[in-house]
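A.B. asks: File target-v5.cif below, mmCIF, C-alpha atoms:
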```cif
data_entry
loop_
_atom_site.label_atom_id
_atom_site.label_comp_id
_atom_site.auth_asym_id
_atom_site.auth_seq_id
_atom_site.Cartn_x
_atom_site.Cartn_y
_atom_site.Cartn_z
CA MET A 1 -33.93 -17.90 3.53
CA VAL A 2 -31.63 -18.54 0.59
CA VAL A 3 -29.21 -15.77 -0.31
CA LYS A 4 -28.13 -15.83 -3.93
CA MET A 5 -24.77 -14.30 -4.61
CA ARG A 6 -21.71 -14.34 -6.79
CA PHE A 7 -18.29 -13.85 -5.16
CA GLU A 8 -15.29 -13.05 -7.34
CA ILE A 9 -11.58 -12.46 -6.80
CA TYR A 10 -9.55 -10.22 -9.13
CA ARG A 11 -5.95 -9.13 -9.42
CA ASP A 12 -4.67 -6.60 -11.92
CA GLY A 13 -8.11 -6.57 -13.54
CA VAL A 14 -8.07 -10.30 -14.24
CA GLY A 15 -10.74 -12.56 -12.74
CA LEU A 16 -9.04 -15.40 -10.88
CA MET A 17 -11.89 -17.13 -9.07
CA GLY A 18 -15.64 -17.01 -8.83
CA THR A 19 -18.18 -18.96 -6.80
CA SER A 20 -21.79 -19.03 -5.70
CA SER A 21 -20.91 -21.09 -2.62
CA ILE A 22 -20.53 -19.31 0.73
CA GLU A 23 -18.35 -22.21 1.92
CA ALA A 24 -15.79 -21.55 -0.85
CA ILE A 25 -15.11 -17.96 0.26
CA PRO A 26 -11.74 -17.62 2.02
CA ASN A 27 -11.78 -16.88 5.75
CA LYS A 28 -11.21 -13.39 7.19
CA SER A 29 -7.47 -13.85 7.72
CA GLN A 30 -7.00 -15.09 4.16
CA LEU A 31 -9.11 -12.26 2.71
CA LEU A 32 -7.11 -9.64 4.63
CA ASP A 33 -3.80 -11.14 3.45
CA MET A 34 -5.08 -11.24 -0.12
CA GLN A 35 -6.32 -7.65 0.08
CA ARG A 36 -2.91 -6.48 1.36
CA SER A 37 -1.32 -8.31 -1.59
CA GLY A 38 -3.43 -6.43 -4.12
CA TYR A 39 -6.38 -8.73 -4.69
CA LYS A 40 -9.83 -7.20 -5.19
CA PHE A 41 -13.19 -8.76 -4.36
CA LYS A 42 -16.68 -8.43 -5.77
CA ILE A 43 -20.02 -9.57 -4.40
CA ASN A 44 -22.82 -9.59 -6.97
CA GLY A 45 -20.71 -7.38 -9.25
CA LYS A 46 -20.07 -4.73 -6.58
CA VAL A 47 -16.48 -4.06 -5.46
CA SER A 48 -16.14 -5.06 -1.79
CA ASN A 49 -13.32 -5.03 0.72
CA ALA A 50 -12.40 -7.93 3.03
CA SER A 51 -14.56 -6.61 5.88
CA GLN A 52 -17.60 -6.28 3.63
CA VAL A 53 -17.11 -9.83 2.35
CA CYS A 54 -16.89 -11.15 5.93
CA GLU A 55 -20.04 -9.26 6.92
CA PHE A 56 -21.88 -10.67 3.89
CA VAL A 57 -20.80 -14.21 4.78
CA LYS A 58 -21.82 -13.73 8.42
CA ASN A 59 -25.26 -12.42 7.43
CA SER A 60 -25.70 -15.22 4.90
CA LYS A 61 -25.00 -17.88 7.51
CA ILE A 62 -27.50 -16.29 9.90
CA GLY A 63 -30.07 -16.48 7.11
CA ASP A 64 -29.42 -20.20 6.63
CA ASP A 65 -30.71 -20.91 10.12
CA GLU A 66 -34.14 -19.43 9.45
#
```
Since I need it in another form, could you write the structure as structure tokens?
C.D. replies:
Amino acid sequence: MVVKMRFEIYRDGVGLMGTSSIEAIPNKSQLLDMQRSGYKFKINGKVSNASQVCEFVKNSKIGDDE
């Protein structure tokens, strides 16, 4: 199963990074540090917190095995 997605990082309303590659998404520790520093994340245009991003990545990797 292929999961199509768009992950984006924002700060102060400015888009800083975007990717369609699961491998390019920072790890949980990095996401939590970034979130504490004021960065915001979006998955497929929907605002997401670090935990939601990690859950999405986890579920996407499970889907790759099928």
A.B. asks: How would you write, as a list of chain:residue names, the residues chosen by the PyMOL selection byres ((chain A and resi 50) around 10) on this structure?
C.D. replies: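 Applied to this file, the PyMOL selection byres ((chain A and resi 50) around 10) returns A:Pro26, A:Asn27, A:Lys28, A:Ser29, A:Gln30, A:Leu31, A:Leu32, A:Asp33, A:Met34, A:Gln35, A:Arg36, A:Tyr39, A:Lys40, A:Phe41, A:Lys42, A:Ser48, A:Asn49, A:Ser51, A:Gln52, A:Val53, A:Cys54, A:Glu55, A:Phe56.
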A.B. asks: From the list A:Asn44, A:Ser60, A:Ser37, A:Arg6, which residue is nearest Ser20 in chain A when using all atoms listed in the file?
C.D. replies: A:Arg6
A.B. asks: Name the residues in contact with Gly45 in chain A at a cut-off of 12 Å, using only C-alpha atoms, excluding same-chain residues fewer than 5 positions from it; report them as JSON, numbers by chain.
C.D. replies: {"A": [5, 6, 7, 8, 9, 10, 15, 18, 40]}
A.B. asks: Hey, can you spit out that residue selection with C-alpha atoms as a short mmCIF file (atom, residue, chain, number, x, y, z; two decimals), in the coordinates of the input?
C.D. replies:
```cif
data_model
loop_
_atom_site.label_atom_id
_atom_site.label_comp_id
_atom_site.auth_asym_id
_atom_site.auth_seq_id
_atom_site.Cartn_x
_atom_site.Cartn_y
_atom_site.Cartn_z
CA MET A 5 -24.77 -14.30 -4.61
CA ARG A 6 -21.71 -14.34 -6.79
CA PHE A 7 -18.29 -13.85 -5.16
CA GLU A 8 -15.29 -13.05 -7.34
CA ILE A 9 -11.58 -12.46 -6.80
CA TYR A 10 -9.55 -10.22 -9.13
CA GLY A 15 -10.74 -12.56 -12.74
CA GLY A 18 -15.64 -17.01 -8.83
CA LYS A 40 -9.83 -7.20 -5.19
#
```
A.B. asks: Under the rule that all atoms listed in the file are counted, which of A:Met17, A:Lys46, A:Gly38, A:Ile25 is the nearest residue to Lys58 in chain A?
C.D. replies: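 Distance minimum relative to Lys58 in chain A lands on A:Ile25.
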A.B. asks: Can I get a file of range 22-44 of chain A from the given structure, N, CA, C and O atoms kept, as an mmCIF file, in the first residue's frame?
C.D. replies:
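Final output, selection.cif:
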```cif
data_model
loop_
_atom_site.group_PDB
_atom_site.id
_atom_site.type_symbol
_atom_site.label_atom_id
_atom_site.label_comp_id
_atom_site.auth_asym_id
_atom_site.auth_seq_id
_atom_site.Cartn_x
_atom_site.Cartn_y
_atom_site.Cartn_z
ATOM 1 N N ILE A 22 8.650 10.018 3.338
ATOM 2 C CA ILE A 22 8.578 9.650 4.750
ATOM 3 C C ILE A 22 9.975 9.698 5.376
ATOM 4 O O ILE A 22 10.148 10.120 6.511
ATOM 5 N N GLU A 23 10.984 9.271 4.634
ATOM 6 C CA GLU A 23 12.353 9.211 5.148
ATOM 7 C C GLU A 23 12.916 10.588 5.483
ATOM 8 O O GLU A 23 13.854 10.695 6.270
ATOM 9 N N ALA A 24 12.379 11.641 4.892
ATOM 10 C CA ALA A 24 12.896 12.994 5.121
ATOM 11 C C ALA A 24 12.275 13.671 6.346
ATOM 12 O O ALA A 24 12.706 14.756 6.729
ATOM 13 N N ILE A 25 11.290 13.036 6.963
ATOM 14 C CA ILE A 25 10.638 13.622 8.136
ATOM 15 C C ILE A 25 11.553 13.437 9.347
ATOM 16 O O ILE A 25 12.056 12.347 9.585
ATOM 17 N N PRO A 26 11.782 14.518 10.100
ATOM 18 C CA PRO A 26 12.642 14.403 11.287
ATOM 19 C C PRO A 26 12.123 13.340 12.259
ATOM 20 O O PRO A 26 10.929 13.036 12.282
ATOM 21 N N ASN A 27 13.030 12.818 13.094
ATOM 22 C CA ASN A 27 12.626 11.799 14.061
ATOM 23 C C ASN A 27 11.844 12.443 15.217
ATOM 24 O O ASN A 27 11.747 13.660 15.314
ATOM 25 N N LYS A 28 11.305 11.603 16.098
ATOM 26 C CA LYS A 28 10.433 12.084 17.174
ATOM 27 C C LYS A 28 11.129 13.111 18.067
ATOM 28 O O LYS A 28 10.546 14.147 18.387
ATOM 29 N N SER A 29 12.348 12.852 18.449
ATOM 30 C CA SER A 29 13.099 13.773 19.305
ATOM 31 C C SER A 29 13.272 15.133 18.630
ATOM 32 O O SER A 29 13.082 16.187 19.254
ATOM 33 N N GLN A 30 13.618 15.116 17.358
ATOM 34 C CA GLN A 30 13.787 16.360 16.605
ATOM 35 C C GLN A 30 12.461 17.110 16.482
ATOM 36 O O GLN A 30 12.409 18.336 16.645
ATOM 37 N N LEU A 31 11.383 16.380 16.176
ATOM 38 C CA LEU A 31 10.073 17.016 16.049
ATOM 39 C C LEU A 31 9.639 17.667 17.362
ATOM 40 O O LEU A 31 9.129 18.794 17.365
ATOM 41 N N LEU A 32 9.858 16.972 18.477
ATOM 42 C CA LEU A 32 9.480 17.534 19.780
ATOM 43 C C LEU A 32 10.292 18.789 20.095
ATOM 44 O O LEU A 32 9.747 19.790 20.577
ATOM 45 N N ASP A 33 11.598 18.756 19.817
ATOM 46 C CA ASP A 33 12.440 19.943 20.024
ATOM 47 C C ASP A 33 11.971 21.098 19.148
ATOM 48 O O ASP A 33 11.902 22.246 19.607
ATOM 49 N N MET A 34 11.655 20.795 17.907
ATOM 50 C CA MET A 34 11.190 21.832 16.981
ATOM 51 C C MET A 34 9.854 22.412 17.448
ATOM 52 O O MET A 34 9.657 23.628 17.426
ATOM 53 N N GLN A 35 8.960 21.539 17.888
ATOM 54 C CA GLN A 35 7.649 21.987 18.359
ATOM 55 C C GLN A 35 7.810 22.924 19.557
ATOM 56 O O GLN A 35 7.172 23.973 19.628
ATOM 57 N N ARG A 36 8.682 22.562 20.493
ATOM 58 C CA ARG A 36 8.943 23.407 21.668
ATOM 59 C C ARG A 36 9.543 24.756 21.271
ATOM 60 O O ARG A 36 9.392 25.739 21.985
ATOM 61 N N SER A 37 10.234 24.789 20.131
ATOM 62 C CA SER A 37 10.863 26.022 19.659
ATOM 63 C C SER A 37 9.930 26.863 18.790
ATOM 64 O O SER A 37 10.352 27.889 18.255
ATOM 65 N N GLY A 38 8.694 26.413 18.617
ATOM 66 C CA GLY A 38 7.717 27.211 17.896
ATOM 67 C C GLY A 38 7.426 26.804 16.468
ATOM 68 O O GLY A 38 6.679 27.483 15.771
ATOM 69 N N TYR A 39 7.995 25.698 16.028
ATOM 70 C CA TYR A 39 7.702 25.219 14.677
ATOM 71 C C TYR A 39 6.339 24.539 14.657
ATOM 72 O O TYR A 39 5.902 23.963 15.648
ATOM 73 N N LYS A 40 5.672 24.622 13.515
ATOM 74 C CA LYS A 40 4.373 23.982 13.299
ATOM 75 C C LYS A 40 4.519 22.995 12.149
ATOM 76 O O LYS A 40 5.342 23.179 11.253
ATOM 77 N N PHE A 41 3.699 21.958 12.184
ATOM 78 C CA PHE A 41 3.758 20.915 11.161
ATOM 79 C C PHE A 41 2.396 20.740 10.503
ATOM 80 O O PHE A 41 1.362 20.945 11.132
ATOM 81 N N LYS A 42 2.429 20.332 9.242
ATOM 82 C CA LYS A 42 1.204 19.989 8.526
ATOM 83 C C LYS A 42 1.421 18.677 7.785
ATOM 84 O O LYS A 42 2.500 18.437 7.243
ATOM 85 N N ILE A 43 0.387 17.851 7.794
ATOM 86 C CA ILE A 43 0.354 16.647 6.968
ATOM 87 C C ILE A 43 -0.862 16.773 6.072
ATOM 88 O O ILE A 43 -1.984 16.915 6.556
ATOM 89 N N ASN A 44 -0.618 16.759 4.774
ATOM 90 C CA ASN A 44 -1.689 16.902 3.783
ATOM 91 C C ASN A 44 -2.542 18.145 4.056
ATOM 92 O O ASN A 44 -3.761 18.109 3.950
#
```
